[in-house]
file run.txt (compact mmCIF, C-alpha atoms)
# COMPACT_ATOMS: atom_id res chain seq x y z
CA MET A 1 -60.35 8.72 120.49
CA ASP A 2 -57.59 8.25 123.05
CA PRO A 3 -55.49 5.20 122.06
CA LEU A 4 -55.60 3.86 125.62
CA ILE A 5 -59.40 4.01 125.63
CA ARG A 6 -59.52 2.48 122.16
CA SER A 7 -57.42 -0.47 123.36
CA ALA A 8 -59.71 -0.94 126.39
CA LEU A 9 -62.86 -1.23 124.32
CA PRO A 10 -64.21 -4.74 123.77
CA PRO A 11 -63.92 -6.06 120.23
CA PRO A 12 -66.87 -5.12 118.02
CA THR A 13 -68.16 -8.69 117.82
CA SER A 14 -68.87 -8.66 121.56
CA VAL A 15 -71.66 -6.13 120.98
CA HIS A 16 -72.27 -5.78 117.26
CA GLY A 17 -71.25 -9.28 116.26
CA SER A 18 -73.50 -12.21 115.42
CA LEU A 19 -76.30 -12.38 117.97
CA ALA A 20 -77.64 -15.41 116.11
CA GLY A 21 -74.42 -17.25 116.91
CA ALA A 22 -74.49 -16.21 120.54
CA PHE A 23 -78.15 -17.03 121.20
CA GLY A 24 -78.77 -20.21 119.26
CA GLY A 25 -80.07 -18.93 115.96
CA THR A 26 -82.06 -16.04 114.55
CA ARG A 27 -85.14 -16.57 116.73
CA GLY A 28 -83.05 -16.66 119.88
CA ALA A 29 -81.29 -13.44 118.87
CA ILE A 30 -84.59 -11.68 118.17
CA ARG A 31 -86.02 -12.91 121.47
CA HIS A 32 -82.94 -11.63 123.31
CA GLU A 33 -83.30 -8.16 121.75
CA VAL A 34 -87.08 -7.76 121.92
CA CYS A 35 -88.55 -9.87 124.72
CA THR A 36 -87.22 -8.18 127.85
CA TRP A 37 -88.88 -6.80 130.95
CA ALA A 38 -87.13 -3.50 130.30
CA ASN A 39 -88.72 -3.16 126.85
CA LEU A 40 -92.12 -4.07 128.34
CA ALA A 41 -91.70 -1.35 130.97
CA THR A 42 -90.83 1.14 128.22
CA LEU A 43 -93.97 0.22 126.27
CA VAL A 44 -96.19 0.45 129.36
CA ARG A 45 -94.86 3.86 130.38
CA VAL A 46 -95.31 5.29 126.87
CA LEU A 47 -98.88 4.00 126.60
CA GLY A 48 -99.71 5.05 130.16
CA ALA A 49 -98.32 8.54 129.69
CA PHE A 50 -100.11 8.89 126.35
CA ALA A 51 -103.44 7.92 127.94
CA LEU A 52 -103.02 10.51 130.69
CA PHE A 53 -101.94 13.23 128.23
CA ALA A 54 -105.04 12.44 126.17
CA ILE A 55 -107.27 12.73 129.25
CA GLY A 56 -105.68 16.07 130.07
CA TRP A 57 -106.29 17.28 126.50
CA ARG A 58 -109.87 16.01 126.51
CA THR A 59 -110.86 17.34 129.94
CA GLY A 60 -108.87 20.56 129.83
CA LEU A 61 -107.39 19.70 133.25
CA LEU A 62 -103.66 20.29 133.54
CA ARG A 63 -103.23 17.84 136.39
CA TRP A 64 -103.76 14.85 134.05
CA THR A 65 -100.96 16.10 131.83
CA LEU A 66 -98.71 16.37 134.89
CA TYR A 67 -99.70 12.84 135.94
CA GLY A 68 -98.61 11.69 132.48
CA LEU A 69 -95.27 13.44 132.92
CA LEU A 70 -94.79 11.68 136.26
CA VAL A 71 -95.55 8.29 134.67
CA TYR A 72 -92.97 9.03 131.96
CA TRP A 73 -90.26 10.01 134.46
CA VAL A 74 -90.88 7.07 136.83
CA GLY A 75 -91.16 4.64 133.92
CA ASP A 76 -87.92 5.93 132.42
CA LEU A 77 -86.11 5.24 135.68
CA LEU A 78 -87.77 1.82 135.98
CA ASP A 79 -86.94 0.49 132.52
CA GLY A 80 -83.30 1.53 132.87
CA TRP A 81 -83.07 -0.12 136.30
CA LEU A 82 -84.67 -3.33 135.01
CA ALA A 83 -82.30 -3.49 132.04
CA ARG A 84 -79.26 -3.23 134.30
CA ALA A 85 -80.55 -5.35 137.19
CA LEU A 86 -81.71 -8.20 134.93
CA ARG A 87 -78.76 -7.87 132.55
CA GLN A 88 -81.13 -7.10 129.68
CA GLU A 89 -79.30 -4.15 128.14
CA THR A 90 -79.42 -4.46 124.36
CA LEU A 91 -78.78 -2.21 121.38
CA LEU A 92 -82.45 -2.40 120.40
CA GLY A 93 -83.55 -1.64 123.95
CA ALA A 94 -81.34 1.44 124.09
CA GLN A 95 -82.72 2.73 120.78
CA ILE A 96 -86.33 2.01 121.80
CA ASP A 97 -85.70 3.95 125.02
CA ILE A 98 -84.26 6.93 123.10
CA VAL A 99 -87.23 7.08 120.72
CA SER A 100 -89.76 6.52 123.51
CA ASP A 101 -88.32 9.40 125.52
CA ARG A 102 -88.80 11.74 122.55
CA ILE A 103 -92.35 10.52 121.88
CA SER A 104 -93.28 11.02 125.54
CA VAL A 105 -91.73 14.49 125.78
CA ILE A 106 -93.32 15.64 122.52
CA MET A 107 -96.74 14.42 123.70
CA PHE A 108 -96.28 16.14 127.06
CA TYR A 109 -95.40 19.52 125.56
CA ILE A 110 -98.19 19.37 122.98
CA SER A 111 -100.62 18.79 125.83
CA TYR A 112 -98.92 21.33 128.13
CA ILE A 113 -98.94 24.26 125.70
CA ALA A 114 -102.64 23.64 125.10
CA HIS A 115 -103.04 24.62 128.77
CA ARG A 116 -100.26 27.23 128.86
CA PRO A 117 -100.01 28.75 125.35
CA GLU A 118 -98.00 31.71 126.66
CA LYS A 119 -95.06 29.29 127.14
CA THR A 120 -95.10 27.97 123.58
CA LEU A 121 -91.81 29.57 122.53
CA THR A 122 -89.73 27.85 125.21
CA ALA A 123 -91.57 24.56 124.73
CA LEU A 124 -90.87 24.52 120.98
CA LEU A 125 -87.21 25.45 121.44
CA PHE A 126 -86.80 22.70 124.01
CA LEU A 127 -88.35 20.20 121.61
CA VAL A 128 -85.86 21.22 118.92
CA GLN A 129 -83.07 20.65 121.43
CA PHE A 130 -84.35 17.34 122.82
CA ALA A 131 -86.15 15.72 119.89
CA VAL A 132 -83.74 16.79 117.11
CA ILE A 133 -80.22 17.72 118.28
CA ASP A 134 -80.10 15.48 121.34
CA MET A 135 -81.66 12.56 119.48
CA TYR A 136 -78.96 12.80 116.81
CA LEU A 137 -76.27 12.76 119.51
CA SER A 138 -77.91 9.96 121.50
CA ASN A 139 -77.95 7.62 118.49
CA GLN A 140 -74.25 8.06 117.70
CA PHE A 141 -73.23 5.41 120.23
CA VAL A 142 -74.05 2.68 117.68
CA ARG A 143 -70.88 3.63 115.78
CA TRP A 144 -68.79 2.13 118.61
CA PRO A 145 -68.96 -1.22 120.45
CA VAL A 146 -70.94 0.10 123.43
CA LEU A 147 -74.46 -0.86 124.44
CA SER A 148 -75.91 2.60 125.04
CA PRO A 149 -74.98 6.27 125.61
CA ASN A 150 -74.59 5.37 129.30
CA TYR A 151 -71.27 3.73 128.41
CA PHE A 152 -69.96 6.44 126.11
CA TYR A 153 -67.27 7.27 128.67
CA MET A 154 -65.44 4.30 127.14
CA VAL A 155 -65.23 6.32 123.91
CA ASP A 156 -64.95 9.92 125.11
CA ARG A 157 -65.32 10.81 128.78
CA GLU A 158 -65.82 14.55 128.22
CA THR A 159 -68.76 14.05 125.84
CA TRP A 160 -70.28 11.49 128.20
CA LYS A 161 -69.86 13.83 131.20
CA TRP A 162 -71.70 16.69 129.51
CA LEU A 163 -74.41 14.66 127.77
CA TRP A 164 -75.04 11.27 129.42
CA SER A 165 -73.70 11.24 132.95
CA LYS A 166 -76.49 11.09 135.53
CA PRO A 167 -76.34 14.83 136.36
CA ALA A 168 -76.28 15.76 132.66
CA LYS A 169 -79.29 13.57 131.86
CA ALA A 170 -81.21 14.90 134.86
CA LEU A 171 -80.60 18.48 133.76
CA ASN A 172 -81.55 17.72 130.17
CA THR A 173 -84.78 15.88 130.88
CA GLY A 174 -85.91 17.70 134.01
CA LEU A 175 -84.55 21.21 134.46
CA VAL A 176 -86.42 23.05 131.70
CA THR A 177 -89.65 21.20 132.34
CA LEU A 178 -89.57 21.91 136.08
CA LEU A 179 -88.78 25.58 135.49
CA LEU A 180 -91.57 25.85 132.94
CA ILE A 181 -94.12 24.19 135.20
CA GLY A 182 -93.03 25.70 138.49
CA LEU A 183 -92.50 29.36 137.57
CA PRO A 184 -95.06 31.82 136.21
CA SER A 185 -92.56 33.25 133.72
CA GLN A 186 -91.06 31.24 130.90
CA TRP A 187 -87.81 33.26 130.79
CA PRO A 188 -85.71 31.15 133.24
CA ALA A 189 -86.69 28.02 131.30
CA LEU A 190 -85.88 29.78 128.03
CA VAL A 191 -82.38 30.69 129.26
CA ALA A 192 -81.82 27.09 130.41
CA THR A 193 -82.98 25.82 127.02
CA LEU A 194 -80.57 28.08 125.15
CA VAL A 195 -77.72 26.86 127.37
CA LEU A 196 -78.65 23.23 126.61
CA ILE A 197 -78.76 23.99 122.88
CA GLY A 198 -75.33 25.62 123.07
CA ILE A 199 -73.89 22.58 124.85
CA ARG A 200 -75.32 20.22 122.25
CA ILE A 201 -74.07 22.28 119.34
CA LYS A 202 -70.58 22.19 120.88
CA TYR A 203 -70.70 18.42 121.36
CA SER A 204 -72.21 17.82 117.95
CA TYR A 205 -68.98 19.28 116.57
CA ARG A 206 -66.92 17.13 118.94
CA MET A 207 -68.92 14.09 117.82
CA LEU A 208 -68.02 14.86 114.20
CA ILE A 209 -64.37 14.88 115.21
CA LEU A 210 -64.74 11.54 117.00
CA THR A 211 -66.53 9.89 114.08
CA SER A 212 -63.91 11.20 111.66
CA GLU A 213 -61.41 8.91 113.43
CA LEU A 214 -63.47 5.80 112.62
CA PRO A 215 -62.61 3.55 109.66
CA ALA A 216 -64.10 4.80 106.39
CA ALA A 217 -67.14 2.99 105.00
CA PRO A 218 -66.42 0.68 102.04
CA PRO A 219 -67.09 2.19 98.61
CA VAL A 220 -70.51 1.65 97.04
CA PRO A 221 -70.24 -1.11 94.40
CA GLY A 222 -70.32 0.22 90.84
CA ARG A 223 -69.07 3.71 91.73

call {"tool": "encode", "arguments": {"input": "run.txt", "output": "structure tokens"}}
result
Amino acid sequence: MDPLIRSALPPPTSVHGSLAGAFGGTRGAIRHEVCTWANLATLVRVLGAFALFAIGWRTGLLRWTLYGLLVYWVGDLLDGWLARALRQETLLGAQIDIVSDRISVIMFYISYIAHRPEKTLTALLFLVQFAVIDMYLSNQFVRWPVLSPNYFYMVDRETWKWLWSKPAKALNTGLVTLLLIGLPSQWPALVATLVLIGIRIKYSYRMLILTSELPAAPPVPGR
């Protein structure tokens, strides 16, 4: 990490320190992390999308699956906006959002390939990219005193630009899906997926370099 950026980061206790001390005890800390409008919006959009995906599966009508996708996308924008507007950004909220995104996308593609089995290859490759490689990368922010991947520019601007800036996130969550839905052939979406995988492999290596600069974990007692 650049020494200038390292010096600009807030001390770890400002994010990872004692929430119990900051919010009047353990119950206050738990309430601060869990009971937010942003987390409620995340829960509602996951359940709503799941219900619509299930209807699409049950009825065999693709439009219900697409309605579910729309609920996921709108809900994802809404919970992020609520967290920032109401100053409810928390470590737990960020991790819930990351997991919820993967659950929603997995459910969408399971339902979608039931309607369009000829696009299974691209769908499965995209799920490997989004639900495995990208999830690993998205959870690495907890190693630094930042609240979510949205603030990773404080650690490494290049990684943030390619993975979590607004254009990068839009391309990751929307490009392949729109190509797969909107075009009769899966090949453009497949090419886009392979590009995304290549980018994430590159930045997985960069992430290993960044984490190698962190203080070593204390030794396990008795070893």

call {"tool": "closest_residue", "arguments": {"input": "run.txt", "among": "A:Phe126, A:Tyr109, A:Trp64, A:Phe53", "to": "Val176 of chain A", "atoms": "all atoms listed in the file"}}
result
A:Phe126

call {"tool": "closest_atom_pairs", "arguments": {"input": "run.txt", "of": "segment 29-90 of chain A", "to": "segment 134-151 of chain A", "cutoff": "12 Å", "atoms": "all atoms listed in the file", "output": "JSON lines"}}
result
{"residue": "A:Glu33", "atom": "CA", "partner": "A:Leu147", "partner_atom": "CA", "distance": 11.8}
{"residue": "A:Gly80", "atom": "CA", "partner": "A:Asn150", "partner_atom": "CA", "distance": 10.2}
{"residue": "A:Ala83", "atom": "CA", "partner": "A:Leu147", "partner_atom": "CA", "distance": 11.2}
{"residue": "A:Arg84", "atom": "CA", "partner": "A:Asn150", "partner_atom": "CA", "distance": 11.0}
{"residue": "A:Arg87", "atom": "CA", "partner": "A:Leu147", "partner_atom": "CA", "distance": 11.5}
{"residue": "A:Gln88", "atom": "CA", "partner": "A:Leu147", "partner_atom": "CA", "distance": 10.5}
{"residue": "A:Glu89", "atom": "CA", "partner": "A:Leu147", "partner_atom": "CA", "distance": 6.9}
{"residue": "A:Thr90", "atom": "CA", "partner": "A:Leu147", "partner_atom": "CA", "distance": 6.1}

call {"tool": "write_last_selection", "arguments": {"input": "run.txt", "atoms": "C-alpha atoms", "output": "PDB file, in the frame of the given file"}}
result
ATOM      1  CA  GLU A  33     -83.300  -8.160 121.750  1.00  0.00           C
ATOM      2  CA  GLY A  80     -83.300   1.530 132.870  1.00  0.00           C
ATOM      3  CA  ALA A  83     -82.300  -3.490 132.040  1.00  0.00           C
ATOM      4  CA  ARG A  84     -79.260  -3.230 134.300  1.00  0.00           C
ATOM      5  CA  ARG A  87     -78.760  -7.870 132.550  1.00  0.00           C
ATOM      6  CA  GLN A  88     -81.130  -7.100 129.680  1.00  0.00           C
ATOM      7  CA  GLU A  89     -79.300  -4.150 128.140  1.00  0.00           C
ATOM      8  CA  THR A  90     -79.420  -4.460 124.360  1.00  0.00           C
TER       9      THR A  90
END

call {"tool": "closest_residue", "arguments": {"input": "run.txt", "among": "A:Trp57, A:Trp187, A:Tyr203, A:Phe50", "to": "Ala114 of chain A", "atoms": "all atoms listed in the file"}}
result
A:Trp57

call {"tool": "atom_distance", "arguments": {"input": "run.txt", "atom1": "atom CA of Pro184 of chain A", "atom2": "atom CA of Tyr112 of chain A"}}
result
13.8 Å

call {"tool": "residues_around", "arguments": {"input": "run.txt", "residues": "Ala85 of chain A", "least_positions_apart": "6", "cutoff": "12 Å", "atoms": "all atoms listed in the file", "output": "PyMOL selection string"}}
result
chain A and resi 36-38+78-79

call {"tool": "residues_around", "arguments": {"input": "run.txt", "residues": "Arg63 of chain A", "least_positions_apart": "6", "cutoff": "12 Å", "atoms": "all atoms listed in the file", "output": "PyMOL selection string"}}
result
chain A and resi 52-57+69-70+108+111-112+115+181
